[in-house]
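Input: a single structure, listed below in structure tokens.
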Number of protein chains: 2
Amino acid sequence: MNRVREYRKQVGISQFALAEKVGVARQTINLIENDKYNPSLKLCISLAEELGTDLNTLFWKVDEES
Amino acid sequence: MNRVREYRKQVGISQFALAEKVGVARQTINLIENDKYNPSLKLCISLAEELGTDLNTLFWKVDEES
DNA sequence: GAACAATGTCAACTATATATGACAAAAAGA
DNA sequence: TCTTTTTGTCATATATAGTTGACATTGTTC
């Protein structure tokens with residue numbers, strides 16, 4: 001799991017708005033949030049920048065604590 | 001620019017050896033080191049793990065200091 | 001300087017990230 | 001309740017990440 005949804009909600013925007021900001025389709029954001037695939041590095045970086053955070057925070061070893 | 005080459009040399013292995021460890025072709029490593037394309041998140045994570053570092057260190061805002 | 005390892009690069013192929021359009025269901029607001 | 005926004009999901013299409021095989025070049029090491 002990644003923390004895109006969590007940070008998007010914190011910023012208070014919809015999947016559609018985030019998609020526009022980073023220049024992809026809304027469906028792409030939806031699939032990423034639901035871990036349905038494997039985004040490119042560029043997109044990950046855009047997401048981190050748009051959400052005011054960084055790669056590690058969004059994508060590095062974000063298993064929920066067991 | 002990313003810091004894959006730098007960390008690979010630090011670990012002391014060839015592009016070929018690193019490619020085998022992360023399960024891609026040698027050319028893929030070569031292209032990434034030379035910024036010829038945009039790897040997937042999964043591959044970035046494998047690289048970071050194999051090189052004993054993390055996403056931010058390898059890929060986050062690694063412009064050479066100006 | 002011959003032999004070998006490591007790297008850069010090309011062309012052709014396959015797999016998959018991402019786009020587009022559409023529809024239904026859930027959530028939020030009036 | 002009705003309306004609108006947001007989210008999940010499907011199917012088809014396109015762009016590009018990643019593969020495979022090959023060859024030339026640049027080190028190393030003997």
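Residue numbering restarts at 1 in every chain; chains get A, B, ... in the order shown in the structure tokens, and ligands count up from 1 in that same order.
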
Chain B fitted onto chain A, all C-alpha pairs in order, as a PDB file with N, CA and C atoms, in the first residue's frame:
```
ATOM      1  N   MET B   1       0.824  -1.215   0.045  1.00  0.00           N
ATOM      2  CA  MET B   1      -0.002  -0.005   0.002  1.00  0.00           C
ATOM      3  C   MET B   1       0.847   1.259   0.016  1.00  0.00           C
ATOM      4  N   ASN B   2       0.350   2.263  -0.680  1.00  0.00           N
ATOM      5  CA  ASN B   2       1.011   3.565  -0.639  1.00  0.00           C
ATOM      6  C   ASN B   2       0.104   4.561   0.119  1.00  0.00           C
ATOM      7  N   ARG B   3       0.602   5.769   0.280  1.00  0.00           N
ATOM      8  CA  ARG B   3      -0.146   6.741   1.090  1.00  0.00           C
ATOM      9  C   ARG B   3      -0.678   7.900   0.266  1.00  0.00           C
ATOM     10  N   VAL B   4      -0.906   7.654  -1.032  1.00  0.00           N
ATOM     11  CA  VAL B   4      -1.384   8.735  -1.892  1.00  0.00           C
ATOM     12  C   VAL B   4      -2.748   9.232  -1.442  1.00  0.00           C
ATOM     13  N   ARG B   5      -3.675   8.306  -1.209  1.00  0.00           N
ATOM     14  CA  ARG B   5      -5.023   8.728  -0.805  1.00  0.00           C
ATOM     15  C   ARG B   5      -4.985   9.555   0.474  1.00  0.00           C
ATOM     16  N   GLU B   6      -4.244   9.040   1.446  1.00  0.00           N
ATOM     17  CA  GLU B   6      -4.112   9.747   2.721  1.00  0.00           C
ATOM     18  C   GLU B   6      -3.622  11.193   2.521  1.00  0.00           C
ATOM     19  N   TYR B   7      -2.576  11.360   1.734  1.00  0.00           N
ATOM     20  CA  TYR B   7      -2.041  12.705   1.536  1.00  0.00           C
ATOM     21  C   TYR B   7      -2.941  13.554   0.658  1.00  0.00           C
ATOM     22  N   ARG B   8      -3.615  12.940  -0.309  1.00  0.00           N
ATOM     23  CA  ARG B   8      -4.553  13.701  -1.132  1.00  0.00           C
ATOM     24  C   ARG B   8      -5.675  14.265  -0.275  1.00  0.00           C
ATOM     25  N   LYS B   9      -6.212  13.447   0.629  1.00  0.00           N
ATOM     26  CA  LYS B   9      -7.296  13.923   1.484  1.00  0.00           C
ATOM     27  C   LYS B   9      -6.807  15.029   2.406  1.00  0.00           C
ATOM     28  N   GLN B  10      -5.590  14.866   2.860  1.00  0.00           N
ATOM     29  CA  GLN B  10      -5.006  15.898   3.713  1.00  0.00           C
ATOM     30  C   GLN B  10      -4.954  17.239   2.978  1.00  0.00           C
ATOM     31  N   VAL B  11      -4.599  17.187   1.694  1.00  0.00           N
ATOM     32  CA  VAL B  11      -4.570  18.399   0.884  1.00  0.00           C
ATOM     33  C   VAL B  11      -5.988  18.841   0.526  1.00  0.00           C
ATOM     34  N   GLY B  12      -6.943  17.914   0.599  1.00  0.00           N
ATOM     35  CA  GLY B  12      -8.332  18.286   0.398  1.00  0.00           C
ATOM     36  C   GLY B  12      -8.772  18.422  -1.049  1.00  0.00           C
ATOM     37  N   ILE B  13      -8.248  17.572  -1.940  1.00  0.00           N
ATOM     38  CA  ILE B  13      -8.671  17.628  -3.340  1.00  0.00           C
ATOM     39  C   ILE B  13      -9.154  16.258  -3.801  1.00  0.00           C
ATOM     40  N   SER B  14      -9.913  16.259  -4.903  1.00  0.00           N
ATOM     41  CA  SER B  14     -10.459  15.020  -5.454  1.00  0.00           C
ATOM     42  C   SER B  14      -9.416  14.320  -6.320  1.00  0.00           C
ATOM     43  N   GLN B  15      -9.690  13.052  -6.632  1.00  0.00           N
ATOM     44  CA  GLN B  15      -8.829  12.311  -7.562  1.00  0.00           C
ATOM     45  C   GLN B  15      -8.715  13.069  -8.871  1.00  0.00           C
ATOM     46  N   PHE B  16      -9.842  13.609  -9.318  1.00  0.00           N
ATOM     47  CA  PHE B  16      -9.856  14.337 -10.580  1.00  0.00           C
ATOM     48  C   PHE B  16      -8.931  15.550 -10.528  1.00  0.00           C
ATOM     49  N   ALA B  17      -9.025  16.326  -9.458  1.00  0.00           N
ATOM     50  CA  ALA B  17      -8.194  17.524  -9.332  1.00  0.00           C
ATOM     51  C   ALA B  17      -6.709  17.151  -9.275  1.00  0.00           C
ATOM     52  N   LEU B  18      -6.400  16.118  -8.527  1.00  0.00           N
ATOM     53  CA  LEU B  18      -4.999  15.688  -8.441  1.00  0.00           C
ATOM     54  C   LEU B  18      -4.498  15.221  -9.804  1.00  0.00           C
ATOM     55  N   ALA B  19      -5.348  14.473 -10.499  1.00  0.00           N
ATOM     56  CA  ALA B  19      -4.987  13.982 -11.834  1.00  0.00           C
ATOM     57  C   ALA B  19      -4.634  15.150 -12.754  1.00  0.00           C
ATOM     58  N   GLU B  20      -5.477  16.183 -12.744  1.00  0.00           N
ATOM     59  CA  GLU B  20      -5.208  17.351 -13.584  1.00  0.00           C
ATOM     60  C   GLU B  20      -3.872  17.980 -13.217  1.00  0.00           C
ATOM     61  N   LYS B  21      -3.630  18.132 -11.930  1.00  0.00           N
ATOM     62  CA  LYS B  21      -2.395  18.791 -11.490  1.00  0.00           C
ATOM     63  C   LYS B  21      -1.150  18.050 -11.952  1.00  0.00           C
ATOM     64  N   VAL B  22      -1.193  16.719 -11.892  1.00  0.00           N
ATOM     65  CA  VAL B  22       0.006  15.983 -12.290  1.00  0.00           C
ATOM     66  C   VAL B  22      -0.054  15.549 -13.754  1.00  0.00           C
ATOM     67  N   GLY B  23      -1.146  15.881 -14.440  1.00  0.00           N
ATOM     68  CA  GLY B  23      -1.206  15.632 -15.879  1.00  0.00           C
ATOM     69  C   GLY B  23      -1.450  14.198 -16.278  1.00  0.00           C
ATOM     70  N   VAL B  24      -2.281  13.481 -15.526  1.00  0.00           N
ATOM     71  CA  VAL B  24      -2.692  12.146 -15.960  1.00  0.00           C
ATOM     72  C   VAL B  24      -4.215  12.057 -15.875  1.00  0.00           C
ATOM     73  N   ALA B  25      -4.758  10.897 -16.290  1.00  0.00           N
ATOM     74  CA  ALA B  25      -6.198  10.696 -16.231  1.00  0.00           C
ATOM     75  C   ALA B  25      -6.628  10.369 -14.806  1.00  0.00           C
ATOM     76  N   ARG B  26      -7.893  10.677 -14.509  1.00  0.00           N
ATOM     77  CA  ARG B  26      -8.429  10.374 -13.182  1.00  0.00           C
ATOM     78  C   ARG B  26      -8.291   8.893 -12.845  1.00  0.00           C
ATOM     79  N   GLN B  27      -8.540   8.052 -13.838  1.00  0.00           N
ATOM     80  CA  GLN B  27      -8.455   6.615 -13.600  1.00  0.00           C
ATOM     81  C   GLN B  27      -7.067   6.196 -13.132  1.00  0.00           C
ATOM     82  N   THR B  28      -6.066   6.867 -13.660  1.00  0.00           N
ATOM     83  CA  THR B  28      -4.697   6.537 -13.261  1.00  0.00           C
ATOM     84  C   THR B  28      -4.503   6.752 -11.765  1.00  0.00           C
ATOM     85  N   ILE B  29      -4.984   7.872 -11.255  1.00  0.00           N
ATOM     86  CA  ILE B  29      -4.882   8.138  -9.814  1.00  0.00           C
ATOM     87  C   ILE B  29      -5.646   7.074  -9.029  1.00  0.00           C
ATOM     88  N   ASN B  30      -6.837   6.783  -9.504  1.00  0.00           N
ATOM     89  CA  ASN B  30      -7.660   5.787  -8.822  1.00  0.00           C
ATOM     90  C   ASN B  30      -6.942   4.435  -8.741  1.00  0.00           C
ATOM     91  N   LEU B  31      -6.359   3.995  -9.859  1.00  0.00           N
ATOM     92  CA  LEU B  31      -5.644   2.715  -9.875  1.00  0.00           C
ATOM     93  C   LEU B  31      -4.449   2.731  -8.936  1.00  0.00           C
ATOM     94  N   ILE B  32      -3.731   3.834  -8.901  1.00  0.00           N
ATOM     95  CA  ILE B  32      -2.570   3.919  -8.014  1.00  0.00           C
ATOM     96  C   ILE B  32      -3.021   3.848  -6.556  1.00  0.00           C
ATOM     97  N   GLU B  33      -4.044   4.607  -6.204  1.00  0.00           N
ATOM     98  CA  GLU B  33      -4.507   4.605  -4.811  1.00  0.00           C
ATOM     99  C   GLU B  33      -4.950   3.218  -4.379  1.00  0.00           C
ATOM    100  N   ASN B  34      -5.506   2.453  -5.315  1.00  0.00           N
ATOM    101  CA  ASN B  34      -5.958   1.109  -4.985  1.00  0.00           C
ATOM    102  C   ASN B  34      -4.922   0.037  -5.303  1.00  0.00           C
ATOM    103  N   ASP B  35      -3.684   0.449  -5.496  1.00  0.00           N
ATOM    104  CA  ASP B  35      -2.584  -0.491  -5.744  1.00  0.00           C
ATOM    105  C   ASP B  35      -2.870  -1.448  -6.872  1.00  0.00           C
ATOM    106  N   LYS B  36      -3.491  -0.945  -7.930  1.00  0.00           N
ATOM    107  CA  LYS B  36      -3.769  -1.802  -9.073  1.00  0.00           C
ATOM    108  C   LYS B  36      -2.655  -1.757 -10.092  1.00  0.00           C
ATOM    109  N   TYR B  37      -1.786  -0.783  -9.992  1.00  0.00           N
ATOM    110  CA  TYR B  37      -0.525  -0.906 -10.685  1.00  0.00           C
ATOM    111  C   TYR B  37       0.563   0.033 -10.235  1.00  0.00           C
ATOM    112  N   ASN B  38       1.549  -0.012 -10.974  1.00  0.00           N
ATOM    113  CA  ASN B  38       2.936   0.277 -10.793  1.00  0.00           C
ATOM    114  C   ASN B  38       3.311   1.549 -11.545  1.00  0.00           C
ATOM    115  N   PRO B  39       3.150   2.714 -10.929  1.00  0.00           N
ATOM    116  CA  PRO B  39       3.345   3.964 -11.663  1.00  0.00           C
ATOM    117  C   PRO B  39       4.804   4.185 -12.052  1.00  0.00           C
ATOM    118  N   SER B  40       5.026   5.118 -12.949  1.00  0.00           N
ATOM    119  CA  SER B  40       6.395   5.450 -13.344  1.00  0.00           C
ATOM    120  C   SER B  40       7.018   6.379 -12.304  1.00  0.00           C
ATOM    121  N   LEU B  41       8.345   6.396 -12.292  1.00  0.00           N
ATOM    122  CA  LEU B  41       9.063   7.258 -11.352  1.00  0.00           C
ATOM    123  C   LEU B  41       8.665   8.712 -11.527  1.00  0.00           C
ATOM    124  N   LYS B  42       8.593   9.171 -12.764  1.00  0.00           N
ATOM    125  CA  LYS B  42       8.221  10.572 -13.010  1.00  0.00           C
ATOM    126  C   LYS B  42       6.889  10.912 -12.364  1.00  0.00           C
ATOM    127  N   LEU B  43       5.920  10.011 -12.530  1.00  0.00           N
ATOM    128  CA  LEU B  43       4.606  10.275 -11.956  1.00  0.00           C
ATOM    129  C   LEU B  43       4.675  10.283 -10.434  1.00  0.00           C
ATOM    130  N   CYS B  44       5.418   9.351  -9.856  1.00  0.00           N
ATOM    131  CA  CYS B  44       5.586   9.325  -8.396  1.00  0.00           C
ATOM    132  C   CYS B  44       6.170  10.639  -7.902  1.00  0.00           C
ATOM    133  N   ILE B  45       7.143  11.163  -8.618  1.00  0.00           N
ATOM    134  CA  ILE B  45       7.772  12.420  -8.216  1.00  0.00           C
ATOM    135  C   ILE B  45       6.769  13.565  -8.319  1.00  0.00           C
ATOM    136  N   SER B  46       6.011  13.618  -9.422  1.00  0.00           N
ATOM    137  CA  SER B  46       4.988  14.664  -9.551  1.00  0.00           C
ATOM    138  C   SER B  46       3.983  14.584  -8.414  1.00  0.00           C
ATOM    139  N   LEU B  47       3.561  13.377  -8.084  1.00  0.00           N
ATOM    140  CA  LEU B  47       2.591  13.214  -7.000  1.00  0.00           C
ATOM    141  C   LEU B  47       3.167  13.724  -5.687  1.00  0.00           C
ATOM    142  N   ALA B  48       4.400  13.331  -5.402  1.00  0.00           N
ATOM    143  CA  ALA B  48       5.028  13.764  -4.153  1.00  0.00           C
ATOM    144  C   ALA B  48       5.111  15.287  -4.099  1.00  0.00           C
ATOM    145  N   GLU B  49       5.513  15.898  -5.199  1.00  0.00           N
ATOM    146  CA  GLU B  49       5.615  17.360  -5.211  1.00  0.00           C
ATOM    147  C   GLU B  49       4.249  18.007  -5.016  1.00  0.00           C
ATOM    148  N   GLU B  50       3.261  17.529  -5.765  1.00  0.00           N
ATOM    149  CA  GLU B  50       1.912  18.106  -5.688  1.00  0.00           C
ATOM    150  C   GLU B  50       1.327  17.943  -4.292  1.00  0.00           C
ATOM    151  N   LEU B  51       1.659  16.866  -3.615  1.00  0.00           N
ATOM    152  CA  LEU B  51       1.088  16.594  -2.299  1.00  0.00           C
ATOM    153  C   LEU B  51       1.980  17.128  -1.172  1.00  0.00           C
ATOM    154  N   GLY B  52       3.000  17.843  -1.549  1.00  0.00           N
ATOM    155  CA  GLY B  52       3.856  18.480  -0.552  1.00  0.00           C
ATOM    156  C   GLY B  52       4.617  17.491   0.312  1.00  0.00           C
ATOM    157  N   THR B  53       5.048  16.387  -0.303  1.00  0.00           N
ATOM    158  CA  THR B  53       5.798  15.403   0.475  1.00  0.00           C
ATOM    159  C   THR B  53       6.910  14.838  -0.393  1.00  0.00           C
ATOM    160  N   ASP B  54       7.363  13.617  -0.139  1.00  0.00           N
ATOM    161  CA  ASP B  54       8.482  13.068  -0.899  1.00  0.00           C
ATOM    162  C   ASP B  54       8.261  11.593  -1.204  1.00  0.00           C
ATOM    163  N   LEU B  55       9.172  11.017  -1.964  1.00  0.00           N
ATOM    164  CA  LEU B  55       9.022   9.634  -2.413  1.00  0.00           C
ATOM    165  C   LEU B  55       8.953   8.655  -1.260  1.00  0.00           C
ATOM    166  N   ASN B  56       9.867   8.764  -0.334  1.00  0.00           N
ATOM    167  CA  ASN B  56       9.870   7.815   0.778  1.00  0.00           C
ATOM    168  C   ASN B  56       8.555   7.837   1.546  1.00  0.00           C
ATOM    169  N   THR B  57       8.060   9.026   1.824  1.00  0.00           N
ATOM    170  CA  THR B  57       6.827   9.137   2.596  1.00  0.00           C
ATOM    171  C   THR B  57       5.666   8.480   1.870  1.00  0.00           C
ATOM    172  N   LEU B  58       5.550   8.699   0.587  1.00  0.00           N
ATOM    173  CA  LEU B  58       4.421   8.144  -0.151  1.00  0.00           C
ATOM    174  C   LEU B  58       4.568   6.659  -0.452  1.00  0.00           C
ATOM    175  N   PHE B  59       5.795   6.216  -0.759  1.00  0.00           N
ATOM    176  CA  PHE B  59       5.925   4.882  -1.364  1.00  0.00           C
ATOM    177  C   PHE B  59       6.905   3.929  -0.696  1.00  0.00           C
ATOM    178  N   TRP B  60       7.630   4.353   0.290  1.00  0.00           N
ATOM    179  CA  TRP B  60       8.683   3.501   0.840  1.00  0.00           C
ATOM    180  C   TRP B  60       8.210   2.737   2.066  1.00  0.00           C
ATOM    181  N   LYS B  61       8.061   1.430   1.890  1.00  0.00           N
ATOM    182  CA  LYS B  61       7.726   0.555   3.015  1.00  0.00           C
ATOM    183  C   LYS B  61       6.578   1.087   3.838  1.00  0.00           C
ATOM    184  N   VAL B  62       5.433   1.245   3.147  1.00  0.00           N
ATOM    185  CA  VAL B  62       4.240   1.711   3.826  1.00  0.00           C
ATOM    186  C   VAL B  62       3.266   0.568   4.038  1.00  0.00           C
ATOM    187  N   ASP B  63       3.733  -0.510   4.627  1.00  0.00           N
ATOM    188  CA  ASP B  63       2.814  -1.532   5.099  1.00  0.00           C
ATOM    189  C   ASP B  63       2.171  -0.966   6.360  1.00  0.00           C
ATOM    190  N   GLU B  64       0.899  -1.256   6.523  1.00  0.00           N
ATOM    191  CA  GLU B  64       0.271  -0.837   7.762  1.00  0.00           C
ATOM    192  C   GLU B  64       0.995  -1.585   8.894  1.00  0.00           C
ATOM    193  N   GLU B  65       1.148  -0.912  10.026  1.00  0.00           N
ATOM    194  CA  GLU B  65       1.857  -1.544  11.139  1.00  0.00           C
ATOM    195  C   GLU B  65       1.105  -2.816  11.556  1.00  0.00           C
ATOM    196  N   SER B  66       1.841  -3.865  11.786  1.00  0.00           N
ATOM    197  CA  SER B  66       1.216  -5.163  12.059  1.00  0.00           C
ATOM    198  C   SER B  66       0.963  -5.334  13.554  1.00  0.00           C
TER     199      SER B  66
END
```

- Item | Selection near DA28 in chain C, 10 Å with only C-alpha atoms (C1' of nucleotides), sequence-local residues under 2 positions removed, as a PyMOL selection string | (chain C and resi 26+30) or (chain D and resi 4-6)

Residues from the last selection, C-alpha atoms (C1' of nucleotides), saved as a CSV table (one decimal), in the first residue's frame:
```csv
chain,number,residue,atom,x,y,z
C,26,DA,C1',-21.7,6.0,-3.3
C,30,DA,C1',-29.2,21.6,-1.8
D,4,DT,C1',-24.2,17.0,-8.3
D,5,DT,C1',-19.7,15.4,-7.2
D,6,DT,C1',-16.7,11.8,-6.4
```

- prompt: For chain B, which residue out of D:DT1, D:DC23, D:DT29, D:DA17 is the nearest one, using only C-alpha atoms (C1' of nucleotides)?
  reply: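 For chain B, the nearest of the candidates is D:DA17.
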
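Shortest separation to DT9 in chain D among C:DA22, C:DA27, C:DA17, C:DC10 occurs at residue C:DA22, atoms counted being only C-alpha atoms (C1' of nucleotides).
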
Wanna dump the chain C-chain A contacts at 10 Å for me, each residue with its shortest atom pair and the distance in Å to one decimal, counting only C-alpha atoms (C1' of nucleotides), ordered by chain and number, as a tab-separated table?
```
residue	atom	partner	partner_atom	distance
C:DT16	C1'	A:Asn38	CA	9.3
C:DA17	C1'	A:Pro39	CA	6.9
C:DT18	C1'	A:Thr28	CA	6.8
C:DA19	C1'	A:Ala25	CA	6.7
C:DT20	C1'	A:Ala25	CA	8.8
```

Would you compute the distance between C1' of DA11 in chain C and C1' of DA15 in chain D? Give it in Å to one decimal.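 A separation of 18.1 Å between them.
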